[in-house]
Structure formats: C-alpha cells, structure tokens
$ cat entry11.txt   # compact mmCIF, C-alpha atoms
# COMPACT_ATOMS: atom_id res chain seq x y z
CA MET A 22 -1.76 35.60 15.05
CA ASN A 23 -2.81 32.59 17.16
CA ALA A 24 -2.93 28.93 16.11
CA LYS A 25 -6.69 28.98 15.45
CA SER A 26 -6.43 31.95 13.09
CA ILE A 27 -3.50 30.44 11.18
CA VAL A 28 -5.08 26.98 10.77
CA THR A 29 -8.44 28.52 9.78
CA ARG A 30 -6.67 30.60 7.14
CA LEU A 31 -4.84 27.54 5.80
CA LEU A 32 -8.03 25.48 5.64
CA ASP A 33 -9.79 28.32 3.85
CA ALA A 34 -7.22 28.01 1.05
CA ALA A 35 -8.54 24.46 0.52
CA GLY A 36 -12.18 25.55 0.68
CA ILE A 37 -12.67 24.01 4.12
CA THR A 38 -14.48 25.82 6.93
CA PRO A 39 -14.19 24.82 10.60
CA ASN A 40 -17.71 23.99 11.82
CA GLY A 41 -19.06 24.60 8.32
CA SER A 42 -21.98 22.83 6.63
CA ALA A 43 -20.23 21.04 3.74
CA PRO A 44 -19.58 17.28 4.19
CA TYR A 45 -15.82 17.82 3.89
CA ASP A 46 -15.73 20.63 6.47
CA ILE A 47 -14.35 19.83 9.92
CA HIS A 48 -16.23 20.06 13.19
CA VAL A 49 -13.94 21.06 16.04
CA ASN A 50 -14.78 19.41 19.38
CA ASN A 51 -11.70 20.66 21.25
CA GLU A 52 -9.81 23.81 20.28
CA GLN A 53 -6.52 22.13 21.21
CA PHE A 54 -6.83 20.73 17.69
CA TYR A 55 -5.57 24.01 16.21
CA THR A 56 -2.36 24.00 18.25
CA GLU A 57 -1.59 20.33 17.56
CA ALA A 58 -2.25 20.64 13.82
CA LEU A 59 -0.13 23.77 13.49
CA HIS A 60 2.87 22.72 15.57
CA LYS A 61 2.99 18.98 14.78
CA GLY A 62 1.73 18.96 11.18
CA SER A 63 0.34 15.68 9.89
CA LEU A 64 1.23 13.90 13.14
CA GLY A 65 -0.76 16.42 15.18
CA LEU A 66 -3.65 16.32 12.72
CA GLY A 67 -3.92 12.54 13.03
CA GLU A 68 -3.38 12.32 16.76
CA SER A 69 -5.94 15.03 17.46
CA TYR A 70 -8.44 13.10 15.32
CA MET A 71 -7.73 9.92 17.30
CA LYS A 72 -8.42 11.89 20.52
CA GLY A 73 -11.75 13.07 19.15
CA TYR A 74 -10.72 16.73 18.93
CA TRP A 75 -12.28 17.02 15.48
CA ASP A 76 -14.44 15.14 12.96
CA SER A 77 -15.44 15.37 9.33
CA GLU A 78 -18.43 13.73 7.68
CA ALA A 79 -16.40 13.14 4.50
CA LEU A 80 -12.87 12.53 5.80
CA ASP A 81 -11.66 11.23 2.46
CA GLU A 82 -12.75 14.38 0.61
CA PHE A 83 -11.32 16.56 3.38
CA PHE A 84 -7.91 15.01 2.68
CA ALA A 85 -8.31 15.19 -1.08
CA ARG A 86 -8.89 18.94 -0.73
CA ILE A 87 -6.05 19.75 1.67
CA LEU A 88 -3.59 17.67 -0.34
CA SER A 89 -4.70 19.22 -3.64
CA ALA A 90 -4.14 22.62 -2.03
CA ARG A 91 -0.72 21.40 -0.78
CA LEU A 92 -1.38 22.53 2.77
CA ASP A 93 1.03 19.86 4.00
CA GLU A 94 3.85 21.82 2.34
CA LYS A 95 2.82 25.11 3.96
CA ILE A 96 3.11 23.97 7.59
CA LYS A 97 6.69 24.29 8.79
CA ARG A 98 8.34 20.99 9.69
CA ASP A 99 9.17 20.87 13.37
CA LEU A 100 12.49 19.81 14.95
CA GLY A 101 11.26 16.29 15.68
CA PHE A 102 10.38 15.74 12.05
CA ARG A 103 13.74 17.05 10.87
CA MET A 104 15.43 14.67 13.31
CA GLN A 105 13.46 11.73 11.89
CA ILE A 106 14.61 12.66 8.38
CA LEU A 107 18.24 12.80 9.57
CA LEU A 108 18.01 9.41 11.30
CA ALA A 109 16.38 7.83 8.22
CA ARG A 110 19.33 9.02 6.14
CA LEU A 111 21.92 7.78 8.62
CA PHE A 112 20.49 4.37 9.52
CA ASN A 113 18.94 1.46 7.64
CA PHE A 114 15.53 1.04 9.29
CA GLN A 115 14.62 -1.81 6.91
CA ARG A 116 17.58 -4.09 7.67
CA PRO A 117 16.57 -7.76 8.18
CA ASP A 118 16.11 -7.67 11.97
CA LYS A 119 14.25 -4.35 11.82
CA ALA A 120 12.10 -5.49 8.87
CA VAL A 121 10.55 -8.27 10.98
CA GLU A 122 9.65 -5.78 13.69
CA ASN A 123 8.23 -3.29 11.17
CA GLY A 124 6.09 -5.92 9.46
CA SER A 125 4.74 -7.56 12.59
CA ARG A 126 3.46 -4.25 13.99
CA HIS A 127 0.99 -4.01 11.11
CA TYR A 128 0.44 -7.39 9.50
CA ASP A 129 0.26 -9.34 12.77
CA LEU A 130 -2.50 -7.14 14.22
CA GLY A 131 -4.91 -10.03 13.77
CA ASN A 132 -6.19 -12.02 10.81
CA ASP A 133 -9.76 -11.40 12.02
CA LEU A 134 -9.46 -7.69 11.16
CA PHE A 135 -8.14 -8.32 7.66
CA GLU A 136 -10.59 -11.16 6.95
CA LEU A 137 -13.50 -8.78 7.59
CA MET A 138 -11.91 -5.82 5.79
CA LEU A 139 -10.52 -7.35 2.59
CA ASP A 140 -11.93 -9.42 -0.27
CA LYS A 141 -12.51 -13.15 -0.01
CA ARG A 142 -8.90 -13.91 -1.04
CA LEU A 143 -7.41 -11.37 1.44
CA THR A 144 -5.73 -9.25 -1.20
CA TYR A 145 -4.18 -6.29 0.62
CA THR A 146 -3.19 -4.29 -2.47
CA CYS A 147 -4.94 -2.01 -4.93
CA ALA A 148 -7.78 -3.61 -6.90
CA PHE A 149 -8.44 -3.05 -10.62
CA TRP A 150 -12.03 -1.83 -10.90
CA GLU A 151 -12.73 -1.59 -14.62
CA GLY A 152 -15.67 -3.90 -15.37
CA ALA A 153 -15.98 -5.00 -11.72
CA ARG A 154 -19.21 -4.89 -9.72
CA ASN A 155 -17.67 -5.42 -6.28
CA LEU A 156 -14.38 -5.75 -4.40
CA ASP A 157 -14.04 -9.49 -5.00
CA GLU A 158 -14.34 -9.02 -8.77
CA ALA A 159 -12.01 -6.02 -8.77
CA GLN A 160 -9.30 -7.94 -6.92
CA GLU A 161 -9.69 -10.92 -9.25
CA ASN A 162 -9.27 -8.48 -12.15
CA LYS A 163 -5.99 -7.28 -10.63
CA LEU A 164 -4.68 -10.78 -9.94
CA ASP A 165 -5.59 -11.92 -13.44
CA LEU A 166 -4.07 -8.81 -15.02
CA THR A 167 -0.88 -9.57 -13.09
CA CYS A 168 -0.79 -13.17 -14.30
CA ARG A 169 -1.34 -12.10 -17.89
CA LYS A 170 1.38 -9.47 -17.71
CA LEU A 171 3.78 -12.23 -16.58
CA ASN A 172 2.58 -14.46 -19.46
CA LEU A 173 2.16 -17.35 -17.04
CA ARG A 174 1.83 -20.87 -18.44
CA PRO A 175 1.14 -24.22 -16.72
CA GLY A 176 4.24 -25.74 -15.12
CA MET A 177 6.08 -22.46 -14.50
CA HIS A 178 7.58 -21.76 -11.06
CA VAL A 179 6.80 -18.26 -9.77
CA LEU A 180 8.36 -16.40 -6.84
CA ASP A 181 6.02 -14.11 -4.88
CA ILE A 182 8.08 -11.63 -2.80
CA GLY A 183 5.92 -10.39 0.07
CA CYS A 184 3.13 -12.90 -0.54
CA GLY A 185 0.76 -11.65 2.16
CA TRP A 186 -2.01 -14.13 2.92
CA GLY A 187 -1.36 -15.98 -0.34
CA SER A 188 -4.01 -14.39 -2.58
CA PHE A 189 -1.81 -14.26 -5.68
CA ALA A 190 -0.33 -17.71 -5.01
CA GLN A 191 -3.77 -19.25 -4.62
CA PHE A 192 -5.14 -17.52 -7.73
CA ALA A 193 -2.15 -18.19 -9.99
CA ALA A 194 -1.83 -21.84 -8.95
CA SER A 195 -5.53 -22.61 -9.38
CA LYS A 196 -6.24 -20.51 -12.50
CA TYR A 197 -2.94 -20.72 -14.39
CA GLY A 198 -1.52 -24.06 -13.27
CA VAL A 199 1.78 -22.69 -11.97
CA LYS A 200 3.82 -23.55 -8.91
CA VAL A 201 4.32 -20.64 -6.49
CA THR A 202 6.87 -19.99 -3.75
CA GLY A 203 5.79 -17.13 -1.52
CA VAL A 204 7.86 -15.37 1.14
CA THR A 205 6.77 -13.05 3.95
CA ILE A 206 8.11 -11.99 7.35
CA SER A 207 4.69 -12.10 9.04
CA LYS A 208 3.92 -15.21 11.10
CA GLU A 209 0.18 -14.50 10.94
CA GLN A 210 0.30 -14.32 7.16
CA VAL A 211 2.28 -17.55 6.82
CA ALA A 212 -0.18 -19.51 8.97
CA LEU A 213 -3.28 -18.36 7.09
CA ALA A 214 -1.66 -18.45 3.64
CA LYS A 215 -0.69 -22.09 4.13
CA GLU A 216 -4.24 -22.90 5.12
CA LYS A 217 -5.78 -21.04 2.16
CA CYS A 218 -3.37 -22.65 -0.33
CA LYS A 219 -3.70 -26.19 1.01
CA GLY A 220 -3.81 -28.75 -1.79
CA LEU A 221 -2.20 -26.41 -4.33
CA PRO A 222 1.43 -26.42 -5.57
CA VAL A 223 2.25 -23.50 -3.25
CA ASP A 224 5.13 -23.18 -0.79
CA ILE A 225 4.78 -20.36 1.76
CA ARG A 226 7.92 -19.48 3.70
CA LEU A 227 8.64 -17.24 6.69
CA THR A 228 11.81 -15.60 5.40
CA ASP A 229 13.33 -12.28 4.41
CA TYR A 230 13.64 -11.72 0.66
CA ARG A 231 17.40 -11.18 1.03
CA ALA A 232 17.88 -14.86 1.91
CA LEU A 233 16.59 -16.04 -1.48
CA ASP A 234 19.04 -17.66 -3.89
CA GLU A 235 17.28 -19.97 -6.36
CA LYS A 236 15.94 -19.64 -9.91
CA PHE A 237 12.34 -18.96 -10.94
CA ASP A 238 10.54 -18.61 -14.27
CA ALA A 239 8.82 -15.40 -13.15
CA ILE A 240 8.78 -13.10 -10.11
CA VAL A 241 5.94 -10.99 -8.72
CA SER A 242 5.89 -8.54 -5.84
CA LEU A 243 2.58 -6.90 -4.94
CA GLY A 244 2.65 -4.09 -2.39
CA MET A 245 5.91 -5.04 -0.67
CA PHE A 246 8.36 -2.56 -2.20
CA GLU A 247 6.95 0.23 -0.02
CA HIS A 248 8.57 -1.52 2.98
CA VAL A 249 11.99 -2.02 1.41
CA GLY A 250 13.50 1.44 2.02
CA TYR A 251 15.72 3.31 -0.42
CA LYS A 252 18.92 2.05 1.22
CA ASN A 253 17.85 -1.47 0.18
CA TYR A 254 16.40 -0.82 -3.28
CA ARG A 255 19.53 -1.95 -5.10
CA THR A 256 19.83 -5.09 -2.94
CA TYR A 257 16.17 -5.89 -3.61
CA MET A 258 16.69 -5.61 -7.38
CA GLU A 259 19.88 -7.68 -7.20
CA VAL A 260 17.96 -10.43 -5.39
CA ALA A 261 15.25 -10.37 -8.06
CA HIS A 262 17.91 -10.43 -10.79
CA ARG A 263 19.77 -13.45 -9.38
CA CYS A 264 16.51 -15.35 -8.78
CA LEU A 265 15.00 -14.72 -12.22
CA LYS A 266 15.81 -17.00 -15.14
CA ASP A 267 17.31 -15.22 -18.14
CA ASN A 268 14.10 -15.33 -20.18
CA GLY A 269 11.77 -14.57 -17.25
CA LEU A 270 9.68 -11.53 -16.35
CA PHE A 271 9.50 -9.60 -13.08
CA LEU A 272 6.34 -7.65 -12.18
CA LEU A 273 6.66 -4.99 -9.49
CA HIS A 274 3.44 -3.51 -8.06
CA THR A 275 3.97 -0.56 -5.72
CA ILE A 276 2.52 2.68 -4.44
CA GLY A 277 4.50 5.56 -5.89
CA GLY A 278 5.08 9.17 -4.96
CA ASN A 279 5.65 12.36 -6.94
CA VAL A 280 8.43 13.62 -4.66
CA ALA A 281 11.16 11.60 -2.93
CA ASN A 282 11.05 11.41 0.88
CA ALA A 283 13.16 9.36 3.30
CA PHE A 284 10.02 7.82 4.78
CA THR A 285 6.26 8.06 4.58
CA ASP A 286 3.88 10.56 6.21
CA ARG A 287 4.80 11.10 9.86
CA TRP A 288 1.46 9.91 11.29
CA LEU A 289 1.40 6.83 9.05
CA ASN A 290 5.00 6.11 10.03
CA LYS A 291 4.14 6.13 13.74
CA TYR A 292 0.79 4.36 13.77
CA ILE A 293 0.36 2.28 10.59
CA PHE A 294 3.49 1.48 8.56
CA PRO A 295 6.64 2.02 10.64
CA ASN A 296 9.74 2.89 8.60
CA ALA A 297 7.92 2.54 5.29
CA MET A 298 8.94 4.67 2.31
CA ILE A 299 7.09 5.48 -0.88
CA PRO A 300 9.40 5.26 -3.94
CA THR A 301 9.48 7.62 -6.90
CA MET A 302 10.00 6.83 -10.58
CA GLY A 303 13.55 8.13 -10.36
CA LEU A 304 14.52 6.04 -7.35
CA ILE A 305 13.05 2.88 -8.86
CA GLY A 306 14.80 3.50 -12.16
CA GLN A 307 18.16 4.01 -10.45
CA SER A 308 17.69 0.83 -8.43
CA PHE A 309 17.51 -1.52 -11.44
CA GLU A 310 19.83 0.36 -13.80
CA GLY A 311 22.12 -2.19 -15.47
CA LEU A 312 20.06 -5.11 -14.14
CA PHE A 313 16.71 -4.94 -15.93
CA VAL A 314 15.02 -3.57 -19.03
CA MET A 315 11.75 -1.68 -18.49
CA GLU A 316 9.14 -3.40 -20.66
CA HIS A 317 5.87 -1.91 -19.40
CA TRP A 318 4.69 0.69 -16.84
CA GLN A 319 1.04 1.28 -15.87
CA ASN A 320 -0.50 3.69 -13.37
CA PHE A 321 -3.94 2.86 -11.99
CA GLY A 322 -3.67 4.85 -8.76
CA VAL A 323 -7.21 6.21 -9.09
CA ASP A 324 -8.42 2.64 -8.43
CA TYR A 325 -6.81 2.74 -4.98
CA ASP A 326 -9.27 5.46 -3.91
CA ARG A 327 -12.19 3.12 -4.55
CA THR A 328 -10.35 0.15 -3.03
CA LEU A 329 -9.68 1.98 0.24
CA LEU A 330 -13.31 3.12 0.42
CA ALA A 331 -14.44 -0.49 -0.01
CA TRP A 332 -12.11 -1.60 2.80
CA TYR A 333 -13.46 1.12 5.09
CA GLU A 334 -17.06 0.19 4.30
CA ASN A 335 -16.25 -3.42 5.24
CA VAL A 336 -14.68 -2.37 8.55
CA GLN A 337 -17.60 -0.10 9.37
CA ARG A 338 -20.16 -2.76 8.50
CA ASN A 339 -18.37 -5.41 10.57
CA TRP A 340 -17.40 -3.21 13.53
CA ASP A 341 -19.82 -5.00 15.90
CA ARG A 342 -17.82 -8.18 15.28
CA LEU A 343 -14.50 -6.44 15.92
CA LYS A 344 -15.14 -4.00 18.78
CA SER A 345 -14.65 -6.59 21.52
CA LYS A 346 -10.97 -6.80 20.50
CA TYR A 347 -10.33 -3.32 19.03
CA ASP A 348 -11.37 -0.20 20.97
CA GLN A 349 -12.90 3.03 19.70
CA ARG A 350 -9.52 4.74 19.53
CA PHE A 351 -8.33 1.97 17.18
CA PHE A 352 -11.45 2.42 15.04
CA ARG A 353 -10.76 6.15 14.67
CA MET A 354 -7.12 5.42 13.89
CA TRP A 355 -8.03 2.84 11.25
CA LYS A 356 -10.73 5.06 9.73
CA TYR A 357 -8.25 7.92 9.53
CA TYR A 358 -5.68 5.64 7.88
CA LEU A 359 -8.02 4.28 5.19
CA LEU A 360 -9.81 7.52 4.34
CA SER A 361 -6.75 9.79 4.45
CA CYS A 362 -5.02 7.43 2.02
CA ALA A 363 -8.11 7.41 -0.21
CA GLY A 364 -7.91 11.20 -0.27
CA SER A 365 -4.25 11.13 -1.27
CA PHE A 366 -4.97 8.94 -4.31
CA ARG A 367 -7.96 11.11 -5.24
CA ALA A 368 -5.73 14.19 -5.09
CA ARG A 369 -3.18 12.33 -7.30
CA THR A 370 -0.40 12.92 -4.77
CA SER A 371 -0.10 9.12 -4.50
CA GLN A 372 0.11 6.68 -7.43
CA LEU A 373 -0.12 2.93 -7.96
CA TRP A 374 2.33 1.49 -10.44
CA GLN A 375 2.70 -1.90 -12.06
CA MET A 376 5.89 -2.35 -14.04
CA VAL A 377 7.18 -5.34 -15.95
CA LEU A 378 10.94 -5.87 -16.17
CA SER A 379 13.08 -8.33 -18.12
CA LYS A 380 16.78 -9.13 -17.89
CA GLU A 381 17.84 -8.57 -21.48
CA GLY A 382 14.74 -7.22 -23.20
CA VAL A 383 12.00 -9.36 -24.78
CA PRO A 384 12.95 -10.27 -28.38
CA GLY A 385 10.53 -8.55 -30.74
CA GLY A 386 8.99 -6.48 -27.94
CA TYR A 387 6.86 -7.19 -24.89
CA LYS A 388 3.16 -8.11 -25.14
CA PHE A 389 0.70 -9.83 -22.83
CA LYS A 390 -2.46 -11.82 -23.44
CA ASN A 391 -6.02 -10.61 -23.63
CA ARG A 392 -8.04 -12.35 -20.89
CA ALA A 393 -10.36 -13.88 -23.50
CA THR A 394 -7.45 -15.90 -24.91
CA VAL A 395 -6.63 -17.49 -21.55
CA PRO A 396 -8.18 -20.96 -21.07
CA GLY A 397 -11.10 -20.81 -18.64
CA TYR A 398 -12.13 -17.24 -19.39
CA ALA A 399 -14.87 -16.49 -21.89
CA THR A 400 -15.07 -12.69 -21.67
CA VAL A 401 -12.77 -9.73 -21.43
CA THR A 402 -12.77 -7.58 -18.28
CA GLY A 403 -10.35 -4.78 -17.56
CA ASN A 404 -8.29 -2.89 -20.10
CA VAL A 405 -5.65 -4.46 -22.29
CA ILE A 406 -2.53 -2.39 -22.71

$ encode --input "entry11.txt" --output "structure tokens"
Amino acid sequence: MNAKSIVTRLLDAAGITPNGSAPYDIHVNNEQFYTEALHKGSLGLGESYMKGYWDSEALDEFFARILSARLDEKIKRDLGFRMQILLARLFNFQRPDKAVENGSRHYDLGNDLFELMLDKRLTYTCAFWEGARNLDEAQENKLDLTCRKLNLRPGMHVLDIGCGWGSFAQFAASKYGVKVTGVTISKEQVALAKEKCKGLPVDIRLTDYRALDEKFDAIVSLGMFEHVGYKNYRTYMEVAHRCLKDNGLFLLHTIGGNVANAFTDRWLNKYIFPNAMIPTMGLIGQSFEGLFVMEHWQNFGVDYDRTLLAWYENVQRNWDRLKSKYDQRFFRMWKYYLLSCAGSFRARTSQLWQMVLSKEGVPGGYKFKNRATVPGYATVTGNVI
C-alpha cells in the first residue's frame, strides 16, 4: 500500500476526505504531501503545509478532528524523532544559557507582530472569555481573575516570573495598587514592558528566574512554565519557595497535557517554541511536593481555542501591515501554529491550568474575592470559584 492510500485511510478515520467538500477537508496541491505526512508525522504535516502542498478552509477544525481521532498516535515515530526524545532525556535544553537562545527565537521575532496580534496590553496567554465581548475584555477578565486569586492588596510586592511585555505588571500596579518586579529573558520584551509600565511601581529585569533570591508577598507566573523543562521543574519550584513570604500565595498559569512527553510537538519544537515541554498534572505535583500546598486548581482550556482564533483573526486582518517584513511562508507557518493549537484545545488534548499554591496551607481554607467586592469594580464578570 502506497503513502497516499495509507494517509487517505487514516484521514478517513477522522472523517476527513482529501479534496472533499467539507470546510475541514484538505485540498492536496502536491502529492508529495502524502509521503511527508506519513514518514515524518507532525513535522512533515507542518512543513508540507508551509510549502503549500496542501490547504484546508477550516484548519482549526481539521486539527480538532485528527487529534480527537488520535491519528498522531497511529503514525509510527521515525528514527529522527526517537533520537530527539533520547537527547531531551540526556541533556538539559532549558539550562540558563540555552533558555536565552530558546526564548529569543520566538519572543524577539519583533514587537510589531505581537502588537498587531494580541490585545491592547500584549497579553500572550489564554484569555478568560466568560462575560467578555472581545479580546481586550477577555484578557482583562483573566488578569483580574489572577489578581483576585492572589488576594492582592495595595502595598504588596509581587514577583512576575516570565513577565512578557508587562501586561500583568501594568494591570496589577494600576488596578490593585501593588508593586511588581517582572523578569524575562527577552530583550524585546524588557524594552517594551518598561515603556508600557512607565510611571508605575514596576521593575522589569532581563534575568533568568534562577538568579532570583529575594522575598515577595505573592508570586505569579503566566505562560512561562511551558519553557522550563522537566529537568528544571524542581529548581523552578525551589526558587518560587525561597522567594515567597511564608504567608504568601503563588499562582501558576500553564498549558497542560494529558500525557507526559519530553518536549512538545515536533513541528512546534522546530519552528515555534524550541525545547518547550508541556507539563502534566503528575509532573507538576511531583515538582512541588514538600514545598507547597495545593489550594486551588482550575482548567479553562476551552477558552484558549477562542483566544487563538482571535489572535489569528488579528494577524489576518493586519497582514498588509506586516507582509513587508514577514513573507508568505512565515504567514503560513504562523497560521498553522495558531490554528493547529486552537484545534488541540478544542479536541481537549491540551489544557490550560491555573493553580494557587501556599507554603503551609491557608488557615481556615483558601478563598478569593468576588470582583464586585474589589474597589473600582461595580459588576461581576467571569465565574467565581
């Protein structure tokens, strides 16, 4: 049986027909697609899309269907993939010097791209859509939910590990009256975050989280843990433990997976997030055992589907302003990244977790405030756990 017959049979199991009429069907422009998809798995699927070998009108739904059907598990892993797994187990690809290289390849692509793709605060993490009419409101919901879960009060000093372009720091300082110290390893993020937080009690530093050794009233980390790597999970938690005051709270916001892997999808690893790794509940739990008490765990991964679609719509709408710097191959790569990830959250193979940890357990039990009880807010938006 040739590659075309095998791939067609696999796609049929997901209800997808090559050159079919449904929006999620694929249209094959070059039959080399079948060979690349079969022999190189997810890497071949993505690279053949970047080359224009195939298209799909509804790329996000195409991925939701193939992931729900678990086609990724049915294609045999090739020798190159097995070698990558072996190397990931042998070496620490998220050590400090490597972490800077990993981060710069994605986050230093250019602030212009992210300014046109993201919300007005440049929040590059999952939004919280309940009660929101648009991306700006959904991201404010998420930032406010985060602040309430930390029970922030004026005068507190908060550490933001992996602060990005300063969206949380700006929001928490202006809305909750706290002082924020944010750390990132991206030069582009530091420059813009400092500009966006000018005039606020915010200190943005270009530094690796492992260098931190000072005390804070609360710690937050939004969308950074995916870049830590399982060999560094314990170190990461030890840093958070030594930097958190005894009565403080630590909120960890991360993408989560259902099955442990040494690193992320092979195509994403090569083109989008080098040496990233999606944690599982078990790995996270092991990493803070003996250091923290789990107070609260929430999954709103379905909201990441809608967030990624909003980011893609922004890129598509603003492409005329970007195409002088980013070519068509980049556009196809970026579209594939955003919509394939949207499909993975829709298929529930990817999750988004927020967890709140304390050092010794909150006396009497953990609770956080309804938004209506926070000064400056008159109505409740989003769910209260």

$ atom_distance --input "entry11.txt" --atom1 "CA of Leu59 in chain A" --atom2 "CA of Val28 in chain A"
6.5 Å

$ residues_around --input "entry11.txt" --residues "range 349-363 of chain A" --least-positions-apart "4" --cutoff "6 Å" --atoms "all atoms listed in the file" --output "list in words"
Met71, Asp81, Phe84, Asp326 and Leu329 of chain A

$ write_last_selection --input "entry11.txt" --atoms "C-alpha atoms" --output "PDB file, keeping the file's coordinate frame"
ATOM      1  CA  MET A  71      -7.730   9.920  17.300  1.00  0.00           C
ATOM      2  CA  ASP A  81     -11.660  11.230   2.460  1.00  0.00           C
ATOM      3  CA  PHE A  84      -7.910  15.010   2.680  1.00  0.00           C
ATOM      4  CA  ASP A 326      -9.270   5.460  -3.910  1.00  0.00           C
ATOM      5  CA  LEU A 329      -9.680   1.980   0.240  1.00  0.00           C
TER       6      LEU A 329
END

$ residues_near_point --input "entry11.txt" --point "(-3.4, 16.3, 15.2)" --cutoff "12 Å" --atoms "only C-alpha atoms" --output "PyMOL selection string"
chain A and resi 28+49+51-76+287-288+354+357

$ atom_distance --input "entry11.txt" --atom1 "CA of Leu243 in chain A" --atom2 "CA of Phe294 in chain A"
15.9 Å

$ residues_near_point --input "entry11.txt" --point "(1.2, 3.2, -11.7)" --cutoff "9 Å" --atoms "all atoms listed in the file" --output "compact mmCIF listing (two decimals) with C-alpha atoms, keeping the file's coordinate frame"
# COMPACT_ATOMS: atom_id res chain seq x y z
CA HIS A 274 3.44 -3.51 -8.06
CA THR A 275 3.97 -0.56 -5.72
CA ILE A 276 2.52 2.68 -4.44
CA GLY A 277 4.50 5.56 -5.89
CA TRP A 318 4.69 0.69 -16.84
CA GLN A 319 1.04 1.28 -15.87
CA ASN A 320 -0.50 3.69 -13.37
CA PHE A 321 -3.94 2.86 -11.99
CA GLY A 322 -3.67 4.85 -8.76
CA GLN A 372 0.11 6.68 -7.43
CA LEU A 373 -0.12 2.93 -7.96
CA TRP A 374 2.33 1.49 -10.44
CA GLN A 375 2.70 -1.90 -12.06
CA MET A 376 5.89 -2.35 -14.04

$ build_atoms --input "entry11.txt" --residues "range 255-267 of chain A" --atoms "N, CA and C atoms" --output "PDB file, in the frame of the given file"
ATOM      1  N   ARG A 255      18.594  -1.263  -4.207  1.00  0.00           N
ATOM      2  CA  ARG A 255      19.530  -1.950  -5.100  1.00  0.00           C
ATOM      3  C   ARG A 255      19.655  -3.423  -4.704  1.00  0.00           C
ATOM      4  N   THR A 256      19.748  -3.697  -3.407  1.00  0.00           N
ATOM      5  CA  THR A 256      19.830  -5.090  -2.940  1.00  0.00           C
ATOM      6  C   THR A 256      18.600  -5.870  -3.363  1.00  0.00           C
ATOM      7  N   TYR A 257      17.432  -5.249  -3.220  1.00  0.00           N
ATOM      8  CA  TYR A 257      16.170  -5.890  -3.610  1.00  0.00           C
ATOM      9  C   TYR A 257      16.203  -6.271  -5.097  1.00  0.00           C
ATOM     10  N   MET A 258      16.638  -5.341  -5.940  1.00  0.00           N
ATOM     11  CA  MET A 258      16.690  -5.610  -7.380  1.00  0.00           C
ATOM     12  C   MET A 258      17.749  -6.655  -7.711  1.00  0.00           C
ATOM     13  N   GLU A 259      18.843  -6.664  -6.975  1.00  0.00           N
ATOM     14  CA  GLU A 259      19.880  -7.680  -7.200  1.00  0.00           C
ATOM     15  C   GLU A 259      19.374  -9.065  -6.833  1.00  0.00           C
ATOM     16  N   VAL A 260      18.565  -9.147  -5.764  1.00  0.00           N
ATOM     17  CA  VAL A 260      17.960 -10.430  -5.390  1.00  0.00           C
ATOM     18  C   VAL A 260      17.029 -10.904  -6.502  1.00  0.00           C
ATOM     19  N   ALA A 261      16.176 -10.005  -6.985  1.00  0.00           N
ATOM     20  CA  ALA A 261      15.250 -10.370  -8.060  1.00  0.00           C
ATOM     21  C   ALA A 261      16.028 -10.796  -9.313  1.00  0.00           C
ATOM     22  N   HIS A 262      17.118 -10.112  -9.615  1.00  0.00           N
ATOM     23  CA  HIS A 262      17.910 -10.430 -10.790  1.00  0.00           C
ATOM     24  C   HIS A 262      18.546 -11.811 -10.681  1.00  0.00           C
ATOM     25  N   ARG A 263      19.116 -12.139  -9.514  1.00  0.00           N
ATOM     26  CA  ARG A 263      19.770 -13.450  -9.380  1.00  0.00           C
ATOM     27  C   ARG A 263      18.760 -14.595  -9.303  1.00  0.00           C
ATOM     28  N   CYS A 264      17.518 -14.293  -8.899  1.00  0.00           N
ATOM     29  CA  CYS A 264      16.510 -15.350  -8.780  1.00  0.00           C
ATOM     30  C   CYS A 264      15.677 -15.544 -10.045  1.00  0.00           C
ATOM     31  N   LEU A 265      15.791 -14.625 -11.004  1.00  0.00           N
ATOM     32  CA  LEU A 265      15.000 -14.720 -12.220  1.00  0.00           C
ATOM     33  C   LEU A 265      15.792 -15.393 -13.336  1.00  0.00           C
ATOM     34  N   LYS A 266      15.174 -16.370 -13.987  1.00  0.00           N
ATOM     35  CA  LYS A 266      15.810 -17.000 -15.140  1.00  0.00           C
ATOM     36  C   LYS A 266      15.987 -15.963 -16.247  1.00  0.00           C
ATOM     37  N   ASP A 267      16.929 -16.215 -17.140  1.00  0.00           N
ATOM     38  CA  ASP A 267      17.310 -15.220 -18.140  1.00  0.00           C
ATOM     39  C   ASP A 267      16.154 -14.776 -19.026  1.00  0.00           C
TER      40      ASP A 267
END
